[in-house]
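A.B. asks: Here it is, the structure in full.
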Protein chains: 2
Amino acid sequence: MALLNKQVLLAQRPTRKIQSTDFKIVETPLPALADNEVLVKIAHISLDPAMRGWMNAGTTYIRGVEIGEVMRAFVAGTVAESKHPDFKEGDTVAGTMGAQAYAIVPGKYLTKVDATKVPLSWYVGILGMPGMTSYFGLLEKGLPKEGETLLVSGAAGMVGSLVGQIAKIKGLKVIGIAGGKEKCDSLITDYGFDAAIDYKNIDNIAKAIRAAAPNGIDIYFDNVGGEILDAALLNLANHARVVICGAISQYNETNYVGLKNYMKLISARGTLSGIIVLDYFDRAAECITQLSQWLASGKIKYKEHTEQGLDRFAEVLNMLFTGENKGKLVLNV
Amino acid sequence: MALLNKQVLLAQRPTRKIQSTDFKIVETPLPALADNEVLVKIAHISLDPAMRGWMNAGTTYIRGVEIGEVMRAFVAGTVAESKHPDFKEGDTVAGTMGAQAYAIVPGKYLTKVDATKVPLSWYVGILGMPGMTSYFGLLEKGLPKEGETLLVSGAAGMVGSLVGQIAKIKGLKVIGIAGGKEKCDSLITDYGFDAAIDYKNIDNIAKAIRAAAPNGIDIYFDNVGGEILDAALLNLANHARVVICGAISQYNETNYVGLKNYMKLISARGTLSGIIVLDYFDRAAECITQLSQWLASGKIKYKEHTEQGLDRFAEVLNMLFTGENKGKLVLNV
């Protein structure tokens, strides 16, 4: 009897907030493996802000998921069966295999990962796509220099907290923006940030940034967009680099808020650019090696927030947008 | 008896459109020259979009003109008297001497220019600040490569028409946006552009850009901001460079329009940066030499629109914002 697979399909495109009816959970029998294919039993699914964008129609940097298609997701798991010469049963692997219990994938799209020294789940987080986003976004686009000041929003999240920690290693002053006292305290005590701004408990974000960085911001790493991005633009130092990673505050808006203060980029001789992590996949090994060293030596800390069950996919994904998660959000199958 | 000077002072800060009451014309006796000072009889005053920004309070890339102060302006003229060893009566000079009939300037702030081969007025235009804006903005920020496609707005203006012509010399396909049939025809017949978009006679600018550049825009040189900038963002090719020179459509607005499509920069792996011509003043000679060669060989064309009389300063300056001028706007004293 064929093994039953459980899959999270995109059922409809959300207009604002993600609803459980946007997805449909189905059970389908798994087909037999073809040559060069691998059957992976998925253990960990990464939940990322970018998913909201993938649920839209059309192509931006990547095509939107089709209605009825398995929701795109970065996952990690164990090989259950292999017809590809490079993989055998028991190998731990990671890749874009979708939100489902099992995946049948051509071997060439899989990456073998070493889960003997770190938990397998780290490969969908700090040693996976979000870790690479922080690493390459900061180093390749932010171009940090010792003594500079970095501001990062969404600072308590996976990408933000790692950006801040790498910037500290590089000798920068680091200011984080997060929502709530608990998250802000954690930036300083857990991640070693120099200052934290609680955007939920201040009237004027631009003023708070100015107070924390009186000489201006050399690098702004943006994870949220909207008002906070506009406030950061007002505080750029000359030759500042603004790196846009996501615009999580905008993903659920149909009335897109425009950027008001972009002319400040001009007067500050600044640049604004984005980080698309797909462009750096061929340099994954370099990033994983460096981050693993920093993790092993205690220079960076990593927190996971784990939830259970494919059936709860929509509910758990929404935690990213309400800010409920504490650490990198991972759904275990 | 002391010589009488005529000066254009900033009388009040405009909120929207520039009015004649924003300036006050005064006549004041000229003081005697101090050591190292030079008395310049001003002949030509450059009128530039940037002036609208200088009329605002506060400091952006440069401080705002104070109420009661002579309006800042780039000018060219002839030395009438000199107490500086490097200058003598009859020398032709250019510099930021303000909107007035005479200026007394420390010699170190003056640049001697050669008006024997080209008209003196060219040094406030194509061989002055606006020429440098086009030259360095395109070459240093736009980074043009042969075979690429460039879009420029405000294309019939001094900066825009020169950007397009330099891009043609560098082997790019050049598309210009201008207002009205006459200006658009001129882009193609006078300046050798490949295509022109008349924004006053189309419903959908984004669509018109897409039709002219089906593979997208590699460089967008923005002279206008607002809606046209947003439409250009929708049409960026991968790795596009957006160079912001001015935002003339926004200068007169108190309700600043936000940039809606900046996330397109991210998905296109683009960058957005500004050109502040002051940063390149130490490289003026390089630019003047190259542009003079291109002018002499007929590779670039230059049109001036000349008006007369300091008393008409406000009225003539407004022509920039209504689009009435045909060519670089110069006010002769």
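Residues are referred to by chain and number: the chain letter is A, B, ... according to the order shown in the structure tokens, the number counts from 1 in that chain, and ligands are numbered separately from 1 in the order shown.
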Give as a ChimeraX atom specification every residue of chain B that touches chain A within 8 Å, counting only C-alpha atoms.
C.D. replies: /B:60-61,244-245,256-262,264-276
A.B. asks: Restricting it to N, CA and C atoms, dump the selection as a PDB file, in the first residue's frame.
C.D. replies:
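Contents of result22.pdb, as written:
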```pdb
ATOM      1  N   THR B  60      19.610  70.565   4.125  1.00  0.00           N
ATOM      2  CA  THR B  60      19.552  69.194   3.604  1.00  0.00           C
ATOM      3  C   THR B  60      20.980  68.880   3.176  1.00  0.00           C
ATOM      4  N   TYR B  61      21.261  68.856   1.865  1.00  0.00           N
ATOM      5  CA  TYR B  61      22.648  68.656   1.441  1.00  0.00           C
ATOM      6  C   TYR B  61      23.395  69.976   1.492  1.00  0.00           C
ATOM      7  N   ILE B 244      18.610  59.548  -8.838  1.00  0.00           N
ATOM      8  CA  ILE B 244      17.675  60.641  -8.583  1.00  0.00           C
ATOM      9  C   ILE B 244      18.440  61.942  -8.589  1.00  0.00           C
ATOM     10  N   CYS B 245      18.030  62.816  -9.462  1.00  0.00           N
ATOM     11  CA  CYS B 245      18.722  64.085  -9.587  1.00  0.00           C
ATOM     12  C   CYS B 245      17.901  65.165  -8.925  1.00  0.00           C
ATOM     13  N   TYR B 256       3.694  65.870   0.359  1.00  0.00           N
ATOM     14  CA  TYR B 256       4.676  65.100  -0.387  1.00  0.00           C
ATOM     15  C   TYR B 256       4.088  63.750  -0.773  1.00  0.00           C
ATOM     16  N   VAL B 257       4.194  63.400  -2.036  1.00  0.00           N
ATOM     17  CA  VAL B 257       3.677  62.111  -2.496  1.00  0.00           C
ATOM     18  C   VAL B 257       4.723  61.030  -2.230  1.00  0.00           C
ATOM     19  N   GLY B 258       4.296  59.953  -1.634  1.00  0.00           N
ATOM     20  CA  GLY B 258       5.235  58.875  -1.311  1.00  0.00           C
ATOM     21  C   GLY B 258       5.507  57.984  -2.500  1.00  0.00           C
ATOM     22  N   LEU B 259       6.641  57.338  -2.442  1.00  0.00           N
ATOM     23  CA  LEU B 259       7.069  56.407  -3.478  1.00  0.00           C
ATOM     24  C   LEU B 259       6.367  55.080  -3.212  1.00  0.00           C
ATOM     25  N   LYS B 260       5.521  54.634  -4.153  1.00  0.00           N
ATOM     26  CA  LYS B 260       4.717  53.440  -3.887  1.00  0.00           C
ATOM     27  C   LYS B 260       5.442  52.152  -4.268  1.00  0.00           C
ATOM     28  N   ASN B 261       6.216  52.180  -5.326  1.00  0.00           N
ATOM     29  CA  ASN B 261       6.719  50.931  -5.909  1.00  0.00           C
ATOM     30  C   ASN B 261       8.174  50.642  -5.575  1.00  0.00           C
ATOM     31  N   TYR B 262       8.640  51.129  -4.429  1.00  0.00           N
ATOM     32  CA  TYR B 262      10.068  50.950  -4.135  1.00  0.00           C
ATOM     33  C   TYR B 262      10.425  49.479  -3.941  1.00  0.00           C
ATOM     34  N   LYS B 264       9.810  47.183  -5.860  1.00  0.00           N
ATOM     35  CA  LYS B 264      10.228  46.676  -7.172  1.00  0.00           C
ATOM     36  C   LYS B 264      11.756  46.750  -7.301  1.00  0.00           C
ATOM     37  N   LEU B 265      12.353  47.733  -6.618  1.00  0.00           N
ATOM     38  CA  LEU B 265      13.812  47.830  -6.574  1.00  0.00           C
ATOM     39  C   LEU B 265      14.422  46.564  -5.991  1.00  0.00           C
ATOM     40  N   ILE B 266      13.750  46.019  -4.999  1.00  0.00           N
ATOM     41  CA  ILE B 266      14.269  44.833  -4.312  1.00  0.00           C
ATOM     42  C   ILE B 266      14.175  43.629  -5.225  1.00  0.00           C
ATOM     43  N   SER B 267      12.971  43.412  -5.787  1.00  0.00           N
ATOM     44  CA  SER B 267      12.811  42.215  -6.606  1.00  0.00           C
ATOM     45  C   SER B 267      13.695  42.297  -7.849  1.00  0.00           C
ATOM     46  N   ALA B 268      14.001  43.511  -8.321  1.00  0.00           N
ATOM     47  CA  ALA B 268      14.876  43.657  -9.491  1.00  0.00           C
ATOM     48  C   ALA B 268      16.349  43.721  -9.098  1.00  0.00           C
ATOM     49  N   ARG B 269      16.657  43.567  -7.808  1.00  0.00           N
ATOM     50  CA  ARG B 269      18.063  43.699  -7.357  1.00  0.00           C
ATOM     51  C   ARG B 269      18.638  45.038  -7.810  1.00  0.00           C
ATOM     52  N   GLY B 270      17.788  46.070  -7.764  1.00  0.00           N
ATOM     53  CA  GLY B 270      18.235  47.384  -8.216  1.00  0.00           C
ATOM     54  C   GLY B 270      18.820  48.213  -7.092  1.00  0.00           C
ATOM     55  N   THR B 271      19.378  49.366  -7.466  1.00  0.00           N
ATOM     56  CA  THR B 271      19.801  50.326  -6.445  1.00  0.00           C
ATOM     57  C   THR B 271      19.221  51.677  -6.800  1.00  0.00           C
ATOM     58  N   LEU B 272      19.031  52.479  -5.764  1.00  0.00           N
ATOM     59  CA  LEU B 272      18.547  53.842  -5.947  1.00  0.00           C
ATOM     60  C   LEU B 272      19.546  54.738  -5.241  1.00  0.00           C
ATOM     61  N   SER B 273      20.031  55.722  -5.928  1.00  0.00           N
ATOM     62  CA  SER B 273      20.941  56.654  -5.277  1.00  0.00           C
ATOM     63  C   SER B 273      20.778  58.028  -5.897  1.00  0.00           C
ATOM     64  N   GLY B 274      21.392  59.010  -5.278  1.00  0.00           N
ATOM     65  CA  GLY B 274      21.216  60.386  -5.733  1.00  0.00           C
ATOM     66  C   GLY B 274      22.510  60.968  -6.239  1.00  0.00           C
ATOM     67  N   ILE B 275      22.379  62.064  -6.979  1.00  0.00           N
ATOM     68  CA  ILE B 275      23.567  62.774  -7.413  1.00  0.00           C
ATOM     69  C   ILE B 275      23.538  64.184  -6.793  1.00  0.00           C
ATOM     70  N   ILE B 276      24.562  64.491  -6.025  1.00  0.00           N
ATOM     71  CA  ILE B 276      24.732  65.830  -5.458  1.00  0.00           C
ATOM     72  C   ILE B 276      25.980  66.385  -6.128  1.00  0.00           C
TER      73      ILE B 276
END
```
A.B. asks: Can you tell me, as a compact mmCIF listing (two decimals) with C-alpha atoms, in the first residue's frame, what residues are no more than 6 Å from A:Val333 when counting only C-alpha atoms, ignoring any on the same chain fewer than 5 positions away?
C.D. replies:
```
# COMPACT_ATOMS: atom_id res chain seq x y z
CA ALA A 43 10.88 17.08 9.82
CA GLY A 309 1.57 20.05 13.17
CA LEU A 310 0.92 20.69 9.49
```
A.B. asks: For A:Met129, which residue among A:Gly154, A:Pro85, A:Pro49, A:Gly68 is the nearest when counting only C-alpha atoms?
C.D. replies: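 Of the candidates, the smallest distance to A:Met129 is held by A:Pro49.
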A.B. asks: Looking at A:Met97, A:Leu331, A:Ile45, A:Val40, which one is nearest to A:Glu81, with distances taken over only C-alpha atoms?
C.D. replies: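 Smallest separation from A:Glu81 among the options: A:Val40.
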A.B. asks: Tell me, as a ChimeraX atom specification, which residues lie within 12 Å of B:Val105, counting only C-alpha atoms; anything in the same chain fewer than 2 positions away does not count.
C.D. replies: /B:31-42,79-84,87,93-98,102-103,107-111
A.B. asks: Can I get the selected residues back with C-alpha atoms, as a PDB file, in the first residue's frame?
C.D. replies:
```
ATOM      1  CA  PRO B  31      31.308  98.477  -0.302  1.00  0.00           C
ATOM      2  CA  ALA B  32      35.017  98.904  -1.071  1.00  0.00           C
ATOM      3  CA  LEU B  33      37.056  95.777  -1.881  1.00  0.00           C
ATOM      4  CA  ALA B  34      39.113  94.195   0.892  1.00  0.00           C
ATOM      5  CA  ASP B  35      42.389  92.390   0.276  1.00  0.00           C
ATOM      6  CA  ASN B  36      42.054  89.179  -1.757  1.00  0.00           C
ATOM      7  CA  GLU B  37      38.540  90.100  -2.825  1.00  0.00           C
ATOM      8  CA  VAL B  38      37.305  90.419  -6.386  1.00  0.00           C
ATOM      9  CA  LEU B  39      34.437  92.545  -7.750  1.00  0.00           C
ATOM     10  CA  VAL B  40      32.552  90.627 -10.443  1.00  0.00           C
ATOM     11  CA  LYS B  41      30.056  92.186 -12.837  1.00  0.00           C
ATOM     12  CA  ILE B  42      27.573  89.381 -13.288  1.00  0.00           C
ATOM     13  CA  VAL B  79      36.076  90.847 -13.189  1.00  0.00           C
ATOM     14  CA  ALA B  80      35.524  94.606 -12.745  1.00  0.00           C
ATOM     15  CA  GLU B  81      38.163  95.112 -10.053  1.00  0.00           C
ATOM     16  CA  SER B  82      40.525  92.772  -8.216  1.00  0.00           C
ATOM     17  CA  LYS B  83      42.549  92.801  -5.012  1.00  0.00           C
ATOM     18  CA  HIS B  84      43.444  89.142  -5.459  1.00  0.00           C
ATOM     19  CA  PHE B  87      42.532  87.793 -11.005  1.00  0.00           C
ATOM     20  CA  VAL B  93      34.835  83.883 -14.049  1.00  0.00           C
ATOM     21  CA  ALA B  94      32.091  81.606 -12.733  1.00  0.00           C
ATOM     22  CA  GLY B  95      30.935  80.590  -9.285  1.00  0.00           C
ATOM     23  CA  THR B  96      28.156  80.640  -6.696  1.00  0.00           C
ATOM     24  CA  MET B  97      27.845  84.410  -6.434  1.00  0.00           C
ATOM     25  CA  GLY B  98      24.101  84.840  -6.040  1.00  0.00           C
ATOM     26  CA  TYR B 102      27.613  92.596  -8.891  1.00  0.00           C
ATOM     27  CA  ALA B 103      29.283  90.323  -6.385  1.00  0.00           C
ATOM     28  CA  GLY B 107      39.227  85.094  -4.977  1.00  0.00           C
ATOM     29  CA  LYS B 108      39.557  81.568  -3.656  1.00  0.00           C
ATOM     30  CA  TYR B 109      35.862  80.934  -4.330  1.00  0.00           C
ATOM     31  CA  LEU B 110      36.094  81.972  -7.987  1.00  0.00           C
ATOM     32  CA  THR B 111      36.899  79.861 -11.033  1.00  0.00           C
TER      33      THR B 111
END
```
A.B. asks: Near stretch 182-186 of chain B, within 7 Å and counting only C-alpha atoms, which residues show up once chain neighbours fewer than 2 positions away are dropped, as a list in words?
C.D. replies: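 Close residues of stretch 182-186 of chain B: Ala156, Ala178, Gly179, Gly180, Ile188, Thr189, Asp190, Tyr191, Ala196, Ile197 and Asp198 of chain B.
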A.B. asks: Give me the residues near stretch 115-121 of chain B as a ChimeraX atom specification, where near means some atom within 6 Å (using only C-alpha atoms) and where sequence neighbours in that chain fewer than 2 positions away do not count.
C.D. replies: /B:44,123-124
A.B. asks: Go ahead and save the picked residues with N, CA and C atoms, as a CSV table (one decimal), in the first residue's frame.
C.D. replies:
```csv
chain,number,residue,atom,x,y,z
B,44,HIS,N,25.4,86.4,-16.4
B,44,HIS,CA,24.5,85.3,-16.7
B,44,HIS,C,24.2,84.6,-15.3
B,123,TYR,N,29.0,78.5,-19.2
B,123,TYR,CA,29.6,78.1,-17.9
B,123,TYR,C,28.6,78.1,-16.8
B,124,VAL,N,27.4,78.6,-17.0
B,124,VAL,CA,26.4,78.4,-16.0
B,124,VAL,C,25.4,77.3,-16.4
```
A.B. asks: Quick one: residues within 9 Å of B:Asp91, only C-alpha atoms, excluding same-chain residues fewer than 5 positions away - as a list of chain:residue names?
C.D. replies: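 The contact residues come out as B:Gly77, B:Thr78, B:Val79, B:Ala80, B:Lys112, B:Val113, B:Asp114.
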A.B. asks: With N, CA and C atoms retained, write the just-selected residues as a CSV table (one decimal), in the first residue's frame.
C.D. replies:
```csv
chain,number,residue,atom,x,y,z
B,77,GLY,N,30.5,85.9,-15.0
B,77,GLY,CA,30.6,87.3,-15.2
B,77,GLY,C,32.0,87.7,-15.5
B,78,THR,N,32.3,89.0,-15.4
B,78,THR,CA,33.6,89.5,-15.8
B,78,THR,C,34.2,90.3,-14.6
B,79,VAL,N,35.5,90.1,-14.3
B,79,VAL,CA,36.1,90.8,-13.2
B,79,VAL,C,36.1,92.3,-13.5
B,80,ALA,N,35.5,93.2,-12.6
B,80,ALA,CA,35.5,94.6,-12.7
B,80,ALA,C,36.7,95.2,-12.0
B,112,LYS,N,38.3,80.8,-12.8
B,112,LYS,CA,38.5,81.5,-14.1
B,112,LYS,C,38.0,80.5,-15.2
B,113,VAL,N,37.3,81.1,-16.2
B,113,VAL,CA,36.8,80.2,-17.3
B,113,VAL,C,37.2,80.9,-18.6
B,114,ASP,N,37.4,80.0,-19.6
B,114,ASP,CA,37.8,80.4,-20.9
B,114,ASP,C,36.6,80.7,-21.8
```
A.B. asks: Running DSSP on the backbone, which parts of stretch 14-65 of chain A land in strand (DSSP E or B), as a PyMOL selection string?
C.D. replies: chain A and resi 23-29+37-46+59+63
A.B. asks: Given the selection you just returned, output its residues as a file containing N, CA and C atoms, formatted as a compact mmCIF listing (two decimals), in the first residue's frame.
C.D. replies:
```
# COMPACT_ATOMS: atom_id res chain seq x y z
N PHE A 23 -5.58 28.09 2.98
CA PHE A 23 -4.88 26.83 2.72
C PHE A 23 -5.86 25.66 2.83
N LYS A 24 -5.50 24.57 2.23
CA LYS A 24 -6.30 23.35 2.31
C LYS A 24 -5.34 22.21 2.63
N ILE A 25 -5.67 21.43 3.64
CA ILE A 25 -4.80 20.31 4.01
C ILE A 25 -5.36 19.06 3.33
N VAL A 26 -4.54 18.38 2.55
CA VAL A 26 -5.02 17.19 1.85
C VAL A 26 -4.11 16.00 2.15
N GLU A 27 -4.68 14.81 2.00
CA GLU A 27 -3.87 13.60 2.10
C GLU A 27 -3.92 12.89 0.77
N THR A 28 -2.76 12.58 0.23
CA THR A 28 -2.69 11.93 -1.08
C THR A 28 -1.65 10.82 -1.03
N PRO A 29 -1.91 9.74 -1.77
CA PRO A 29 -0.92 8.66 -1.79
C PRO A 29 0.34 9.10 -2.53
N GLU A 37 15.37 10.30 -8.39
CA GLU A 37 14.54 10.99 -7.40
C GLU A 37 14.85 10.48 -5.99
N VAL A 38 14.48 11.29 -5.02
CA VAL A 38 14.71 10.96 -3.62
C VAL A 38 13.41 11.21 -2.86
N LEU A 39 13.07 10.31 -1.97
CA LEU A 39 11.91 10.53 -1.09
C LEU A 39 12.42 11.04 0.25
N VAL A 40 11.95 12.23 0.64
CA VAL A 40 12.41 12.85 1.89
C VAL A 40 11.25 12.89 2.88
N LYS A 41 11.51 12.41 4.09
CA LYS A 41 10.53 12.57 5.17
C LYS A 41 10.87 13.89 5.85
N ILE A 42 9.94 14.84 5.71
CA ILE A 42 10.22 16.20 6.18
C ILE A 42 10.01 16.29 7.69
N ALA A 43 10.97 16.93 8.37
CA ALA A 43 10.88 17.08 9.82
C ALA A 43 10.57 18.52 10.22
N HIS A 44 11.22 19.48 9.57
CA HIS A 44 11.12 20.89 9.99
C HIS A 44 10.79 21.78 8.80
N ILE A 45 9.82 22.66 9.00
CA ILE A 45 9.42 23.60 7.94
C ILE A 45 9.70 25.02 8.44
N SER A 46 10.42 25.78 7.64
CA SER A 46 10.69 27.17 8.00
C SER A 46 9.50 28.03 7.64
N THR A 59 4.68 37.18 -10.86
CA THR A 59 6.09 36.95 -10.59
C THR A 59 6.76 38.24 -10.15
N ARG A 63 8.23 33.35 -8.88
CA ARG A 63 6.81 33.32 -9.26
C ARG A 63 5.93 33.04 -8.03
```
A.B. asks: Compile the contact shell of stretch 133-149 of chain B as an NGL selection string: residues with an atom at most 8 Å away, counting only C-alpha atoms, same-chain residues fewer than 2 positions apart removed.
C.D. replies: :B and (129-131 or 151 or 159-160 or 162-163 or 166-167 or 170-175 or 213 or 216-221 or 241-243 or 245 or 273-277 or 280 or 287)
A.B. asks: Check stretch 173-253 of chain A with DSSP on the backbone and list each residue it calls helix (DSSP H, G or I), as a PyMOL selection string.
C.D. replies: chain A and resi 181-189+199-201+205-212+226-233+248-251
A.B. asks: Between atom CA of A:Glu315 and atom CA of A:Glu227, measure the distance and give it in Å to one decimal.
C.D. replies: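 Between these atoms lies a distance of 26.1 Å.
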A.B. asks: Could you jot down the atom CA of A:Met71 to atom CA of A:Lys326 separation for me, Å, one decimal place?
C.D. replies: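 About the pair atom CA of A:Met71 and atom CA of A:Lys326: they are 23.4 Å apart.
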